[in-house]
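Listing of upload05.txt; format and content: compact mmCIF, C-alpha atoms and all ligand atoms.
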# COMPACT_ATOMS: atom_id res chain seq x y z
CA MET A 1443 64.05 26.16 -35.46
CA THR A 1444 60.71 25.91 -37.19
CA ALA A 1445 61.12 25.31 -40.94
CA SER A 1446 59.19 27.15 -43.67
CA PHE A 1447 55.81 25.64 -44.42
CA ASN A 1448 55.64 23.80 -47.72
CA PRO A 1449 52.18 22.39 -48.44
CA PRO A 1450 51.88 19.34 -50.70
CA GLN A 1451 50.46 19.66 -54.20
CA ARG A 1452 46.82 18.56 -54.07
CA ILE A 1453 44.00 18.31 -56.56
CA LEU A 1454 41.16 20.23 -54.92
CA MET A 1455 37.86 18.67 -55.95
CA GLY A 1456 35.88 19.32 -52.82
CA PRO A 1457 33.30 22.02 -52.10
CA GLY A 1458 36.01 24.70 -52.09
CA PRO A 1459 38.61 25.99 -52.02
CA SER A 1460 39.30 24.90 -55.58
CA ASP A 1461 42.70 24.73 -57.25
CA VAL A 1462 44.15 28.19 -57.63
CA SER A 1463 45.51 29.07 -61.04
CA PRO A 1464 49.32 29.49 -61.10
CA ARG A 1465 48.66 32.87 -62.75
CA VAL A 1466 46.73 33.96 -59.65
CA LEU A 1467 49.47 32.76 -57.30
CA ALA A 1468 52.07 34.57 -59.39
CA ALA A 1469 50.02 37.77 -59.31
CA MET A 1470 49.82 37.57 -55.52
CA ALA A 1471 53.61 37.34 -55.25
CA ARG A 1472 54.06 40.77 -56.90
CA PRO A 1473 55.36 43.66 -54.78
CA THR A 1474 53.04 45.02 -52.14
CA ILE A 1475 52.27 48.70 -52.73
CA GLY A 1476 50.24 51.14 -50.69
CA HIS A 1477 46.47 50.78 -50.63
CA LEU A 1478 46.10 54.43 -51.66
CA ASP A 1479 48.90 54.36 -54.24
CA PRO A 1480 47.45 55.73 -57.51
CA VAL A 1481 48.53 52.57 -59.33
CA PHE A 1482 46.68 50.43 -56.79
CA VAL A 1483 43.62 52.67 -57.01
CA SER A 1484 43.46 52.22 -60.79
CA MET A 1485 43.70 48.44 -60.24
CA MET A 1486 40.70 48.79 -57.87
CA ASP A 1487 38.74 50.54 -60.62
CA GLU A 1488 39.53 47.68 -63.01
CA LEU A 1489 38.59 45.16 -60.33
CA LYS A 1490 35.18 46.78 -59.98
CA GLY A 1491 34.63 46.60 -63.76
CA LEU A 1492 35.70 42.95 -63.81
CA LEU A 1493 33.33 42.12 -60.94
CA GLN A 1494 30.49 43.93 -62.71
CA TYR A 1495 31.18 41.70 -65.70
CA ALA A 1496 31.29 38.52 -63.60
CA PHE A 1497 28.03 39.47 -61.85
CA GLN A 1498 26.50 40.84 -65.09
CA THR A 1499 25.55 44.11 -63.44
CA LYS A 1500 25.98 47.82 -63.78
CA ASN A 1501 25.54 48.30 -60.02
CA GLU A 1502 27.74 51.16 -58.80
CA LEU A 1503 28.26 49.47 -55.46
CA THR A 1504 30.14 46.37 -56.59
CA MET A 1505 33.29 45.50 -54.68
CA PRO A 1506 35.13 42.74 -52.84
CA VAL A 1507 34.61 42.64 -49.08
CA SER A 1508 37.89 42.06 -47.21
CA GLY A 1509 36.92 38.73 -45.71
CA PRO A 1510 35.59 35.29 -46.71
CA GLY A 1511 32.14 34.52 -48.09
CA SER A 1512 30.75 34.68 -44.55
CA ALA A 1513 31.89 38.31 -44.34
CA GLY A 1514 30.04 39.05 -47.59
CA MET A 1515 26.96 37.35 -46.12
CA GLU A 1516 27.12 39.46 -42.96
CA THR A 1517 27.78 42.62 -44.97
CA CYS A 1518 24.52 42.09 -46.85
CA PHE A 1519 22.48 41.36 -43.73
CA VAL A 1520 23.87 43.96 -41.34
CA ASN A 1521 23.50 46.73 -43.89
CA LEU A 1522 20.01 45.92 -45.15
CA VAL A 1523 18.27 44.49 -42.10
CA GLU A 1524 17.33 46.62 -39.11
CA PRO A 1525 15.84 45.64 -35.73
CA GLY A 1526 12.16 44.84 -36.08
CA ASP A 1527 12.32 43.90 -39.79
CA LYS A 1528 10.85 40.66 -41.11
CA VAL A 1529 12.94 38.66 -43.57
CA ILE A 1530 11.92 35.51 -45.43
CA VAL A 1531 14.78 33.03 -45.31
CA CYS A 1532 14.68 29.98 -47.55
CA GLN A 1533 16.53 27.00 -46.16
CA ASN A 1534 17.37 23.87 -48.11
CA GLY A 1535 20.80 23.16 -46.63
CA VAL A 1536 23.48 24.48 -44.30
CA PHE A 1537 23.88 27.99 -45.62
CA GLY A 1538 20.22 29.02 -45.38
CA GLY A 1539 20.60 28.22 -41.67
CA ARG A 1540 23.42 30.74 -41.42
CA MET A 1541 21.20 33.34 -43.07
CA LYS A 1542 18.63 32.75 -40.33
CA GLU A 1543 21.34 33.34 -37.69
CA ASN A 1544 22.28 36.58 -39.42
CA VAL A 1545 18.70 37.85 -39.45
CA GLU A 1546 18.27 37.05 -35.75
CA ARG A 1547 21.54 38.73 -34.84
CA CYS A 1548 20.32 41.88 -36.64
CA GLY A 1549 17.38 41.94 -34.22
CA ALA A 1550 14.96 41.03 -37.00
CA THR A 1551 12.50 38.16 -37.39
CA PRO A 1552 13.27 35.37 -39.84
CA ILE A 1553 10.27 33.76 -41.53
CA MET A 1554 11.50 30.36 -42.59
CA VAL A 1555 10.58 28.63 -45.84
CA MET A 1556 11.92 25.09 -45.51
CA ASP A 1557 12.71 22.63 -48.27
CA ASP A 1558 14.35 19.24 -48.11
CA TRP A 1559 18.13 19.07 -48.25
CA GLY A 1560 19.00 18.28 -51.87
CA ALA A 1561 15.89 19.97 -53.27
CA ALA A 1562 15.73 23.44 -54.83
CA VAL A 1563 13.88 26.24 -53.02
CA ASP A 1564 10.18 25.92 -53.88
CA ALA A 1565 9.05 29.28 -55.31
CA ASN A 1566 5.39 28.46 -54.52
CA LYS A 1567 6.21 28.23 -50.82
CA VAL A 1568 8.06 31.54 -51.04
CA GLU A 1569 4.98 33.15 -52.56
CA ASP A 1570 2.75 31.69 -49.82
CA ALA A 1571 5.09 33.18 -47.21
CA LEU A 1572 5.06 36.57 -48.95
CA LYS A 1573 1.24 36.54 -49.06
CA ALA A 1574 0.99 35.57 -45.40
CA ASN A 1575 3.51 38.18 -44.20
CA PRO A 1576 2.90 41.62 -45.67
CA GLY A 1577 5.71 44.12 -45.17
CA VAL A 1578 8.58 41.67 -45.46
CA LYS A 1579 11.85 43.56 -46.05
CA ALA A 1580 13.72 40.93 -48.05
CA VAL A 1581 13.68 37.39 -49.34
CA ALA A 1582 17.03 35.71 -48.68
CA PHE A 1583 18.08 32.47 -50.32
CA VAL A 1584 21.08 30.50 -51.53
CA HIS A 1585 21.37 30.22 -55.29
CA ALA A 1586 23.86 27.34 -55.20
CA GLU A 1587 23.58 25.33 -51.96
CA THR A 1588 27.09 23.94 -51.51
CA SER A 1589 26.05 21.54 -48.78
CA THR A 1590 23.86 19.57 -51.20
CA GLY A 1591 24.65 20.62 -54.79
CA ALA A 1592 21.15 21.99 -55.46
CA GLN A 1593 20.53 25.07 -57.57
CA SER A 1594 17.50 27.30 -57.02
CA ASP A 1595 15.75 29.59 -59.50
CA ALA A 1596 17.20 32.96 -58.50
CA GLN A 1597 15.36 34.80 -61.24
CA ALA A 1598 11.91 33.49 -60.28
CA ILE A 1599 12.44 34.04 -56.53
CA SER A 1600 13.80 37.56 -57.05
CA ALA A 1601 10.81 38.42 -59.26
CA LEU A 1602 8.45 37.15 -56.55
CA ALA A 1603 10.20 39.24 -53.90
CA HIS A 1604 9.76 42.36 -56.03
CA ARG A 1605 6.10 41.59 -56.74
CA TYR A 1606 5.47 41.77 -53.00
CA GLY A 1607 7.65 44.86 -52.44
CA ALA A 1608 10.61 43.01 -50.91
CA LEU A 1609 14.30 42.99 -51.80
CA SER A 1610 16.09 39.86 -52.94
CA LEU A 1611 19.26 38.89 -51.07
CA VAL A 1612 21.17 36.07 -52.71
CA ASP A 1613 24.12 33.84 -51.78
CA THR A 1614 26.13 33.01 -54.88
CA VAL A 1615 29.31 31.83 -53.18
CA THR A 1616 29.36 28.66 -55.28
CA SER A 1617 27.65 29.89 -58.44
CA LEU A 1618 29.63 32.97 -59.48
CA GLY A 1619 31.70 32.08 -62.54
CA GLY A 1620 30.46 28.47 -62.64
CA SER A 1621 26.82 28.62 -63.72
CA PRO A 1622 24.53 31.26 -65.22
CA LEU A 1623 24.04 34.29 -62.99
CA LYS A 1624 22.71 37.62 -64.23
CA VAL A 1625 22.28 40.14 -61.46
CA ASP A 1626 20.58 42.95 -63.42
CA GLU A 1627 18.44 40.79 -65.68
CA TRP A 1628 17.26 38.71 -62.72
CA GLY A 1629 16.64 41.75 -60.51
CA ILE A 1630 18.89 40.74 -57.60
CA ASP A 1631 19.22 43.53 -54.99
CA ALA A 1632 22.00 42.26 -52.76
CA ILE A 1633 24.43 39.53 -53.64
CA TYR A 1634 27.58 38.05 -52.19
CA SER A 1635 30.03 35.44 -53.36
CA GLY A 1636 33.45 34.01 -52.54
CA SER A 1637 36.82 34.12 -54.21
CA GLN A 1638 37.71 30.48 -53.57
CA LYS A 1639 35.21 28.50 -55.63
CA CYS A 1640 34.55 29.02 -59.34
CA LEU A 1641 36.78 32.10 -59.50
CA SER A 1642 39.72 29.94 -58.39
CA CYS A 1643 41.37 32.65 -56.37
CA THR A 1644 42.63 32.08 -52.84
CA PRO A 1645 40.01 32.13 -50.06
CA GLY A 1646 39.37 35.29 -48.08
CA LEU A 1647 37.60 37.77 -50.37
CA SER A 1648 33.90 38.16 -50.93
CA PRO A 1649 32.63 40.01 -54.00
CA VAL A 1650 29.35 41.81 -53.30
CA SER A 1651 27.00 44.00 -55.31
CA PHE A 1652 23.96 46.10 -54.39
CA SER A 1653 21.18 47.52 -56.56
CA ALA A 1654 20.35 51.25 -56.53
CA GLN A 1655 17.29 50.46 -54.40
CA ALA A 1656 19.34 48.50 -51.87
CA LEU A 1657 21.86 51.33 -51.76
CA GLU A 1658 19.09 53.83 -51.00
CA ILE A 1659 17.94 51.65 -48.11
CA ILE A 1660 21.48 51.44 -46.75
CA LYS A 1661 21.96 55.21 -46.97
CA ASN A 1662 18.64 55.93 -45.24
CA ARG A 1663 18.73 53.52 -42.34
CA LYS A 1664 17.01 54.51 -39.10
CA THR A 1665 19.75 52.89 -37.01
CA LYS A 1666 23.51 52.66 -37.33
CA VAL A 1667 24.85 49.42 -38.81
CA GLN A 1668 25.94 47.46 -35.73
CA SER A 1669 29.24 46.44 -37.34
CA TRP A 1670 31.70 49.29 -37.82
CA PHE A 1671 33.90 47.20 -40.13
CA MET A 1672 31.05 46.16 -42.42
CA ASP A 1673 29.11 49.42 -42.48
CA LEU A 1674 28.98 50.13 -46.21
CA ASN A 1675 28.28 53.80 -45.55
CA LEU A 1676 31.88 53.90 -44.27
CA VAL A 1677 33.44 51.27 -46.56
CA MET A 1678 32.15 53.21 -49.58
CA GLY A 1679 34.59 55.98 -48.72
CA TYR A 1680 37.31 53.61 -49.86
CA TRP A 1681 35.55 51.45 -52.46
CA GLY A 1682 32.96 53.96 -53.67
CA THR A 1683 33.04 56.00 -56.81
CA GLY A 1684 33.78 59.45 -55.35
CA ALA A 1685 36.80 61.28 -56.73
CA LYS A 1686 38.71 60.68 -53.52
CA ARG A 1687 39.32 57.40 -51.75
CA ALA A 1688 39.91 57.56 -48.05
CA TYR A 1689 41.39 55.04 -45.66
CA HIS A 1690 38.85 52.76 -44.03
CA HIS A 1691 40.88 49.62 -43.35
CA THR A 1692 44.12 48.40 -44.90
CA ALA A 1693 43.03 46.50 -47.98
CA PRO A 1694 44.35 42.94 -48.44
CA ILE A 1695 46.52 44.23 -51.26
CA ASN A 1696 48.15 41.09 -52.62
CA ALA A 1697 44.94 39.09 -52.26
CA LEU A 1698 43.26 41.73 -54.42
CA TYR A 1699 45.97 41.29 -57.08
CA GLY A 1700 44.96 37.63 -57.08
CA LEU A 1701 41.26 38.37 -57.45
CA HIS A 1702 42.02 40.81 -60.26
CA GLU A 1703 44.02 38.12 -62.07
CA SER A 1704 41.34 35.47 -61.59
CA LEU A 1705 38.76 37.83 -63.07
CA VAL A 1706 41.07 38.69 -65.98
CA ILE A 1707 41.26 34.94 -66.65
CA LEU A 1708 37.46 34.70 -66.52
CA GLN A 1709 37.11 37.62 -68.91
CA GLU A 1710 39.63 36.09 -71.33
CA GLU A 1711 37.69 32.83 -71.38
CA GLY A 1712 34.32 34.58 -71.53
CA LEU A 1713 31.58 34.05 -68.97
CA GLU A 1714 29.38 31.93 -71.23
CA ASN A 1715 32.35 29.73 -72.15
CA ALA A 1716 33.18 29.26 -68.46
CA TRP A 1717 29.58 28.23 -67.74
CA ALA A 1718 29.68 25.81 -70.70
CA ARG A 1719 32.99 24.30 -69.54
CA HIS A 1720 31.58 23.64 -66.06
CA ARG A 1721 28.55 21.97 -67.64
CA GLN A 1722 30.63 19.86 -70.01
CA ASN A 1723 32.93 18.56 -67.28
CA HIS A 1724 29.94 17.84 -65.05
CA MET A 1725 28.39 15.75 -67.86
CA ALA A 1726 31.64 13.77 -68.23
CA LEU A 1727 31.84 13.17 -64.47
CA LYS A 1728 28.17 12.17 -64.38
CA ALA A 1729 28.70 9.56 -67.11
CA GLY A 1730 31.55 7.99 -65.14
CA ILE A 1731 29.78 8.18 -61.78
CA GLU A 1732 26.67 6.50 -63.16
CA ALA A 1733 28.77 3.85 -64.95
CA MET A 1734 30.19 2.96 -61.50
CA GLY A 1735 26.66 2.48 -60.22
CA LEU A 1736 26.78 5.53 -57.94
CA SER A 1737 23.87 7.93 -57.75
CA PHE A 1738 23.37 11.68 -57.42
CA VAL A 1739 21.59 13.31 -54.48
CA VAL A 1740 19.95 16.11 -56.45
CA LYS A 1741 17.45 15.50 -59.24
CA GLU A 1742 18.85 16.22 -62.66
CA GLN A 1743 17.16 19.55 -63.42
CA ASP A 1744 18.31 21.13 -60.12
CA ARG A 1745 21.91 19.90 -60.18
CA LEU A 1746 24.84 22.30 -59.97
CA PRO A 1747 27.52 21.40 -62.51
CA GLN A 1748 30.27 22.64 -60.19
CA LEU A 1749 29.20 20.67 -57.09
CA ASN A 1750 28.29 17.03 -57.53
CA SER A 1751 26.76 15.33 -54.49
CA ILE A 1752 26.84 11.56 -54.62
CA TYR A 1753 25.52 9.00 -52.17
CA VAL A 1754 28.15 6.94 -50.36
CA PRO A 1755 27.34 3.32 -51.32
CA GLU A 1756 25.92 1.02 -48.62
CA GLY A 1757 28.61 -0.48 -46.40
CA VAL A 1758 31.37 1.89 -47.57
CA ASP A 1759 33.29 3.93 -44.98
CA ASP A 1760 33.02 7.53 -46.19
CA ALA A 1761 36.03 8.84 -44.27
CA ALA A 1762 38.29 5.90 -45.20
CA VAL A 1763 37.63 6.48 -48.90
CA ARG A 1764 38.40 10.18 -48.65
CA ARG A 1765 41.57 9.45 -46.71
CA LEU A 1766 42.81 6.98 -49.36
CA LEU A 1767 42.02 9.45 -52.15
CA LEU A 1768 44.09 12.08 -50.36
CA GLU A 1769 46.99 9.78 -49.43
CA ASP A 1770 47.26 7.79 -52.66
CA TYR A 1771 46.18 10.36 -55.23
CA GLY A 1772 46.58 13.74 -53.53
CA LEU A 1773 42.91 14.21 -54.36
CA GLU A 1774 40.55 16.04 -52.03
CA ILE A 1775 36.80 15.49 -52.28
CA GLY A 1776 34.30 16.75 -49.73
CA ALA A 1777 32.33 15.02 -46.99
CA GLY A 1778 28.66 15.61 -46.29
CA LEU A 1779 27.73 18.43 -43.92
CA GLY A 1780 25.14 18.47 -41.15
CA ALA A 1781 22.30 16.06 -41.89
CA MET A 1782 24.28 14.69 -44.86
CA ALA A 1783 27.44 13.83 -42.86
CA GLY A 1784 28.66 10.31 -43.64
CA LYS A 1785 25.96 9.86 -46.29
CA ILE A 1786 27.31 11.78 -49.26
CA TRP A 1787 30.47 12.88 -51.01
CA ARG A 1788 30.72 16.26 -52.61
CA ILE A 1789 32.84 16.41 -55.74
CA GLY A 1790 33.65 19.91 -56.87
CA LEU A 1791 34.50 20.83 -60.43
CA MET A 1792 35.08 24.50 -59.82
CA GLY A 1793 36.94 27.13 -61.76
CA HIS A 1794 40.49 26.15 -62.65
CA ALA A 1795 39.83 22.64 -61.28
CA SER A 1796 36.95 22.09 -63.70
CA ASN A 1797 38.86 20.30 -66.45
CA MET A 1798 38.76 16.94 -68.18
CA ARG A 1799 42.01 15.75 -66.64
CA ASN A 1800 40.58 16.16 -63.14
CA VAL A 1801 37.38 14.37 -64.16
CA LEU A 1802 39.40 11.38 -65.34
CA VAL A 1803 41.75 11.41 -62.32
CA CYS A 1804 38.79 11.51 -59.96
CA LEU A 1805 36.88 8.72 -61.69
CA GLY A 1806 39.99 6.51 -61.91
CA ALA A 1807 40.92 7.13 -58.28
CA LEU A 1808 37.40 6.51 -56.99
CA GLU A 1809 37.11 3.30 -58.98
CA ASP A 1810 40.43 2.09 -57.57
CA VAL A 1811 39.61 2.98 -53.96
CA LEU A 1812 36.11 1.49 -54.13
CA SER A 1813 37.20 -1.79 -55.77
N1 LIG B 1 27.63 30.34 -48.56
C1 LIG B 1 27.87 29.23 -49.26
C2 LIG B 1 26.82 28.72 -50.20
C3 LIG B 1 29.09 28.58 -49.14
O1 LIG B 1 29.33 27.47 -49.85
C4 LIG B 1 30.06 29.07 -48.24
C5 LIG B 1 31.35 28.37 -48.07
O2 LIG B 1 31.52 27.26 -48.47
C6 LIG B 1 29.77 30.23 -47.53
C7 LIG B 1 28.55 30.84 -47.71
C8 LIG B 1 30.76 30.80 -46.58
O3 LIG B 1 31.93 31.18 -47.24
P1 LIG B 1 33.33 31.22 -46.46
O4 LIG B 1 33.63 29.83 -46.02
O5 LIG B 1 34.29 31.74 -47.52
O6 LIG B 1 33.17 32.16 -45.34

Output the structure of this file as structure tokens.
Ligand code: PLP
Amino acid sequence: MTASFNPPQRILMGPGPSDVSPRVLAAMARPTIGHLDPVFVSMMDELKGLLQYAFQTKNELTMPVSGPGSAGMETCFVNLVEPGDKVIVCQNGVFGGRMKENVERCGATPIMVMDDWGAAVDANKVEDALKANPGVKAVAFVHAETSTGAQSDAQAISALAHRYGALSLVDTVTSLGGSPLKVDEWGIDAIYSGSQKCLSCTPGLSPVSFSAQALEIIKNRKTKVQSWFMDLNLVMGYWGTGAKRAYHHTAPINALYGLHESLVILQEEGLENAWARHRQNHMALKAGIEAMGLSFVVKEQDRLPQLNSIYVPEGVDDAAVRRLLLEDYGLEIGAGLGAMAGKIWRIGLMGHASNMRNVLVCLGALEDVLS
């Protein structure tokens, strides 16, 4: 007979998922009720308000997509991009590459603005691309590039998009709840995130939000959205604001309890305090990392506090170090992705895992394993 699965207790300091708060796990263990039960529906209304707070937006269409960050990404692209459109895609790491794939699969043309891995998106290059390509539908970019730890100026790039009559479409999977993000003030039109990083919920939900202008575009498409599941014109029947909510798909009920709880925790702490905590713990980690003679991949002004990319020292076996950290300390840190594989480690300080105890455990363990 197969026994029940009992995972070990780990400290999750990789690029996500991050440690899930026990309060979130407890919330998820509460009784499953129907997805149209009036009590559940009022929880959905609260969830929307909590997400509006986390995103700093009044956008009516703010909801969690039933699926991981990648589902939020696809939801944004398949709803806003139609065959024949041109979309500027900024790529400075792995996830910009996925945006390109999405644009192509929508039958549209991606216009690539490339920056080095580890650098922020260069707003001047974005403006050059906008000037050279009139009629671009959207500018898509990653605010917090998890593959490198670089943060781009979402406010400046969104403003540029608007100046040239384009929408801004922003990936904030790693930034939401961990570093400043202000959807309305920055003029972001379409945004997606993930539950498993700085919100410290379990993986598998993707908060999204759309401006009134984006919503108009979605409602007035020339063609049907190619994905039935992600077509917001249909999903809105369940998540929208109409008096009645109708079945679209069975919501991941207990996962939504968890997201609700993680956002309650964020609200209790206060968004600004959460941003400050991530910054403070990053500064403590940085002091220790530099004292060990290790160096950061991203230059200081573009560094994400919640994702610290560090060069693997010469002659050190990246995978062996990560294995020892996991076996001896129960500590997970991340490897490099794509072009960075074997060259960097990615140390996450996200959400519930962003605390001083984890900083000290990680520094002590790294020092031990490297000595
Ligand atoms: N975008 C970014 C910046 C990410 O870091 C990730 C996941 O790490 C994703 C998108 C995809 O999210 P998921 O793995 O939840 O599908």

Counting all atoms listed in the file, what are the residues, protein, DNA or RNA alike, that approach ligand LIG 1 (chain B) to within 6 Å? I want them as an mmCIF file with C-alpha atoms, in the frame of the given file.
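Saved to part.cif:
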data_model
loop_
_atom_site.group_PDB
_atom_site.id
_atom_site.type_symbol
_atom_site.label_atom_id
_atom_site.label_comp_id
_atom_site.auth_asym_id
_atom_site.auth_seq_id
_atom_site.Cartn_x
_atom_site.Cartn_y
_atom_site.Cartn_z
ATOM 1 C CA PRO A 1510 35.590 35.290 -46.710
ATOM 2 C CA GLY A 1511 32.140 34.520 -48.090
ATOM 3 C CA SER A 1512 30.750 34.680 -44.550
ATOM 4 C CA PHE A 1537 23.880 27.990 -45.620
ATOM 5 C CA ALA A 1586 23.860 27.340 -55.200
ATOM 6 C CA GLU A 1587 23.580 25.330 -51.960
ATOM 7 C CA THR A 1588 27.090 23.940 -51.510
ATOM 8 C CA ASP A 1613 24.120 33.840 -51.780
ATOM 9 C CA VAL A 1615 29.310 31.830 -53.180
ATOM 10 C CA THR A 1616 29.360 28.660 -55.280
ATOM 11 C CA GLY A 1636 33.450 34.010 -52.540
#

In the coordinate frame of the file, compute which residues have an atom within 8 Å of (42.2, 18.2, -50.4) when using only C-alpha atoms, and state them as a PyMOL selection string. chain A and resi 1452-1456+1768+1772-1775

For the residues in that selection, give me C-alpha atoms as a short mmCIF file (atom, residue, chain, number, x, y, z; two decimals), in the frame of the given file.
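Output file out33.cif is given in full below:
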data_model
loop_
_atom_site.label_atom_id
_atom_site.label_comp_id
_atom_site.auth_asym_id
_atom_site.auth_seq_id
_atom_site.Cartn_x
_atom_site.Cartn_y
_atom_site.Cartn_z
CA ARG A 1452 46.82 18.56 -54.07
CA ILE A 1453 44.00 18.31 -56.56
CA LEU A 1454 41.16 20.23 -54.92
CA MET A 1455 37.86 18.67 -55.95
CA GLY A 1456 35.88 19.32 -52.82
CA LEU A 1768 44.09 12.08 -50.36
CA GLY A 1772 46.58 13.74 -53.53
CA LEU A 1773 42.91 14.21 -54.36
CA GLU A 1774 40.55 16.04 -52.03
CA ILE A 1775 36.80 15.49 -52.28
#

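For the atom pair formed by atom CA of Cys1804 of chain A and atom CA of Leu1746 of chain A, the distance is 17.6 Å, given to one decimal.
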
Can you tell me, as JSON, numbers by chain, what residues are no more than 10 Å from Met1515 of chain A when counting only C-alpha atoms, ignoring any on the same chain fewer than 4 positions away? {"A": [1507, 1510, 1511, 1519, 1520, 1537, 1540, 1541, 1544, 1611, 1612, 1613, 1614, 1615, 1632, 1633, 1634, 1635, 1636, 1648, 1650]}

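Between atom CA of Gly1535 of chain A and atom CA of Ala1761 of chain A there is a distance of 21.0 Å.
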
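Computed from the coordinates, the atom CA of Val1801 of chain A to atom CA of His1724 of chain A distance equals 8.3 Å.
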
Which segment 1489-1525 of chain A residues have any atom within 12 Å of an atom of segment 1686-1697 of chain A, and for each, what is the nearest pair of atoms with distance in Å to one decimal, counting all atoms listed in the file, rows sorted by chain and number, as a Markdown table?
| residue | atom | partner | partner_atom | distance |
| --- | --- | --- | --- | --- |
| A:Leu1489 | CA | A:Ala1697 | CA | 11.9 |
| A:Met1505 | CA | A:Ala1693 | CA | 11.9 |
| A:Pro1506 | CA | A:Ala1693 | CA | 10.0 |
| A:Val1507 | CA | A:Ala1693 | CA | 9.3 |
| A:Ser1508 | CA | A:Pro1694 | CA | 6.6 |
| A:Gly1509 | CA | A:Pro1694 | CA | 9.0 |
| A:Pro1510 | CA | A:Ala1697 | CA | 11.5 |

List as a ChimeraX atom specification the residues having at least one atom at most 12 Å from position (33.6, 46.4, -62.6) as given in the file, counting all atoms listed in the file. /A:1484-1506,1649-1651,1681-1683,1702,1705-1706,1709

May I ask which of the residues A:Ala1596, A:Leu1708, A:Val1529, A:Val1803 is the closest one to Val1625 of chain A, counting only C-alpha atoms? A:Ala1596

Do a neighbour search on segment 1725-1742 of chain A at 8 Å with all atoms listed in the file, toss out local chain neighbours closer than 2 positions, and write the hits as a PyMOL selection string. chain A and resi 1560-1561+1590-1592+1721-1723+1744-1745+1747+1750-1755+1786+1798+1801-1802+1805+1809

I'd like to know which of A:Cys1643, A:Ile1630, A:Ala1718, A:Ile1599 is closest to Pro1459 of chain A, using only C-alpha atoms. A:Cys1643
